Structure formats: structure tokens, C-alpha cells
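In what follows, a structure is listed as C-alpha cells, so that the remarks can point back to it.
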Amino acid sequence: MIIGLLHPGAMGAAIGDALHAAGHDVIWASEGRSAATHQRARALRNVGTVDALSSTAELIFSICPPHAAADVARAAAGFSGIYVDANAISPARSRAIAALQPRLVDGGIIGPPPRAAGETRLYLSGAGALGVAELFEGSLVDARVVPDASALKMVYAAWSKGTAALLLSLHRVAEHYEVARALEDEWRLSQPQLLGRLASAERSAAAKGWRWVGELEEIADTFGAAGEPEGFHRAAAEVFRT
């Protein structure tokens with residue numbers, strides 16, 4: 001199958017590589033993209049523009065920061081094939097994108113960019129989800145069909161990103177009151193795993209905090225739509241915004 005990839009960041013390029021290794025012709029559009037993107041997508045076929053990609057591909061994957069998901073879907077307006085939105089967006093945002101791409105398959109990725117089997121799962125939902133999952137047979141990506149892929153991604157990330165924000169925030173408060181060293185000493189005695197999690201949260205905030213702001217806002221929308229308090233995850237977005 002000819003599969004279009006919009007736009008190959010670290011995760012998208014790795015998903016594209018997995019599909020390419022599984023025997024598919026994966027194409028991307030280089031117009032306006034950086035030299036770093038060119039390097040990530042070096043194993044894929046460059047067709048130049050999004051219009052060329054939309055007219056050539058049988059299926060399109062959108063893997064981008066959540067705040068850009070709707071714009072990416074609009075850029076591929078008129079595409080008649082299956083459009084897989086594999087972004088960290090709320091179920092409501094997914095429904096809005098379905099108005100732009102009627103043959104939408106909703107997706108959510110959990111795990112790092114796939115480099116070894118068993119690390120990364122792609123959850124899919126909607127008409128055509130099973131066929132998309134079958135594209136990954138024999139690949140590094142474990143593709144699974146669920147009732148609502150976006151909802152699963154949101155509730156999973158609510159814990160992983162939310163608790164990372166909480167650790168960063170409470171440690172800053174401890175520093176303000178000059179008890180950070182005492183807190184770390186107490187963690188070594190009673191919660192030793194938190195020292196490693198704080199270090200991981202600090203690394204992630206430095207590298208990907210800008211991307212997590214939009215994701216946490218999508219999580220807050222998801223909680224609010226379910227009748228649950230959304231303020232915690234809006235505050236978590238502010239932690240990463242700073």
C-alpha cells in the first residue's frame with residue numbers, strides 16, 4: 001500500500017520506518033520542512049508537496065503535535081482515502097477532524113518511537129481500524145483495535161504527564177521553602193522511585209514540555225466532557241508552559 005505520512009517528527013518517522021520495513025511504500029512531503037525532518041525521513045519516498053501526497057497515497061497517517069492536528073487535516077482536505085489521526089487529542093477533537101476527513105480512523109500511540117518490538121502500541125478505533133492494524137503485522141508496532149483510541153490515549157497520558165507535572169511543581173515549591181534537600185532525603189527513605197521519576201520529568205520537560213502543553217489541555221477537555229474536574233490538567237499544562 002502507498003501510505004502518506006504527515007509530518008515525520010521523531011514519532012512519525014519511526015512509525016513510517018516500521019511501515020516501510022513491513023513492505024509498504026511510505027511517502028512524505030518535504031515542502032517547508034527542516035533539514036532535521038529530511039534526515040529523519042531519509043528512508044521514505046519524498047513526493048514534495050502535501051497536494052502530491054494526497055493525490056498519490058491510498059492512506060494517510062497524521063502524527064504531529066496535538067495543537068496542529070486540525071490544521072494538518074485541513075491541509076489534506078479533499079483526500080478520499082482512509083485518514084488515520086494518531087495524535088494526542090480528545091475524543092471531541094477527533095470528532096471535529098472527522099468532519100474534515102470523513103474516512104477517519106482514530107488513533108493513539110503509547111510508548112516511545114518504535115525501535116524494538118514490544119515498546120510501542122498503536123490503538124485504533126472506527127470503521128477501517130482493523131484494516132489499518134493489519135498494515136503493521138510483522139512490524140515493530142503492536143497495533144490494537146479499541147472502542148475509542150483517543151479516549152484511551154487521554155486517560156493514559158493523564159497519569160503519565162499529569163504526575164510528571166505534579167512532581168516538577170512540588171519540587172519547585174520545596175525549593176522555594178528551602179526544603180528540597182530534606183524532601184529528597186525523605187524520598188530516599190520512603191519513596192525512592194520518585195527521585196528517578198523527578199529526573200525523568202525534568203528531562204522530558206526540557207525536551208518536550210512545549211508539546212505536552214497542548215496534550216494536557218486536550219486531556220482537560222476530555223475530563224470535562226466526562227463530567228470530571230478538569231482543573232488539575234489545566235494546571236499541569238501551565239507547569240509545562242513555564
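Residues in the C-alpha cells are named by chain (A, B, ... in the order shown) and by number from 1 within that chain; ligands are numbered from 1 in the order shown.
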
Could you make a table, as JSON lines, of the residues of range 134-206 of chain A that have an atom within 8 Å of an atom of range 212-233 of chain A, each with its nearest atom pair and distance in Å to one decimal, counting only C-alpha atoms, in chain and number order?
{"residue": "A:Ala151", "atom": "CA", "partner": "A:Thr222", "partner_atom": "CA", "distance": 7.4}
{"residue": "A:Met154", "atom": "CA", "partner": "A:Ile219", "partner_atom": "CA", "distance": 5.3}
{"residue": "A:Val155", "atom": "CA", "partner": "A:Ile219", "partner_atom": "CA", "distance": 7.3}
{"residue": "A:Ala157", "atom": "CA", "partner": "A:Ile219", "partner_atom": "CA", "distance": 7.7}
{"residue": "A:Ala158", "atom": "CA", "partner": "A:Ile219", "partner_atom": "CA", "distance": 6.3}
{"residue": "A:Lys161", "atom": "CA", "partner": "A:Leu216", "partner_atom": "CA", "distance": 7.5}
{"residue": "A:Gly162", "atom": "CA", "partner": "A:His233", "partner_atom": "CA", "distance": 6.4}

List the spatial neighbours of range 144-147 of chain A as a list of chain:residue names - criterion: any atom at most 7 Å away, only C-alpha atoms, same-chain residues fewer than 5 positions off excluded.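 Listing them by chain and then by number gives A:Leu122, A:Tyr123, A:Leu124, A:Ser125, A:Ala129, A:Leu130, A:Ala133.
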
Produce a table with one row for each residue of range 101-154 of chain A that has an atom at most 7 Å from any atom of range 21-39 of chain A, each row naming the nearest atom pair and its distance in Å at one decimal; use only C-alpha atoms; arrange rows by chain and rising residue number; format as CSV.
residue,atom,partner,partner_atom,distance
A:Phe136,CA,A:Ala22,CA,6.8
A:Gly138,CA,A:Ala22,CA,6.6
A:Ser139,CA,A:Ala22,CA,5.7

Considering only C-alpha atoms, return as an MDAnalysis selection string whatever protein or nucleic-acid residues lie within 9 Å of Gly16 in chain A, sequence-local ones (same chain, fewer than 2 positions apart) excluded. chainID A and resid 3:5 8 11:14 18:21 26:27 41 43:44 61

Mind listing the alpha helix (DSSP H) residues of range 25-156 of chain A, per DSSP on the backbone, as a count of residues only? 44

Just checking: using only C-alpha atoms, which residue out of A:Ala235, A:Val105, A:Val72, A:Ala143 ends up closest to Thr163 in chain A? A:Ala235

Residue contacts of range 166-179 of chain A (12 Å, only C-alpha atoms) excluding same-chain residues fewer than 5 positions away, as a PyMOL selection string: chain A and resi 158-161+184-187+193-206+209+232-242

For the residues in the current selection, export C-alpha atoms as a CSV table (one decimal), in the first residue's frame.
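And here is the file that came out, out-v2.csv:
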chain,number,residue,atom,x,y,z
A,158,ALA,CA,-3.5,12.0,32.2
A,159,TRP,CA,-1.5,9.8,34.6
A,160,SER,CA,2.0,9.9,33.0
A,161,LYS,CA,2.1,13.6,32.1
A,184,GLU,CA,14.8,14.2,48.6
A,185,ASP,CA,16.3,12.6,51.7
A,186,GLU,CA,12.8,11.6,52.8
A,187,TRP,CA,12.0,10.2,49.4
A,193,GLN,CA,11.3,5.6,43.0
A,194,LEU,CA,10.3,9.3,43.0
A,195,LEU,CA,13.9,10.5,42.6
A,196,GLY,CA,14.2,8.7,39.3
A,197,ARG,CA,10.8,9.9,38.2
A,198,LEU,CA,11.6,13.5,39.0
A,199,ALA,CA,14.8,13.3,37.0
A,200,SER,CA,12.8,11.8,34.1
A,201,ALA,CA,10.2,14.5,34.3
A,202,GLU,CA,12.9,17.2,34.3
A,203,ARG,CA,14.4,15.7,31.1
A,204,SER,CA,11.1,15.4,29.4
A,205,ALA,CA,10.1,19.0,30.3
A,206,ALA,CA,13.3,20.3,28.8
A,209,GLY,CA,7.4,20.3,27.5
A,232,PHE,CA,-5.7,19.6,37.6
A,233,HIS,CA,-4.7,19.0,34.0
A,234,ARG,CA,-5.1,22.7,33.0
A,235,ALA,CA,-2.7,23.5,35.9
A,236,ALA,CA,-0.4,20.7,34.7
A,237,ALA,CA,-0.4,22.4,31.2
A,238,GLU,CA,0.8,25.6,33.0
A,239,VAL,CA,3.6,23.8,34.6
A,240,PHE,CA,5.0,22.7,31.2
A,241,ARG,CA,4.2,26.1,29.7
A,242,THR,CA,6.6,27.6,32.2

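CA of Asp142 in chain A is positioned 12.0 Å from CA of Pro113 in chain A.
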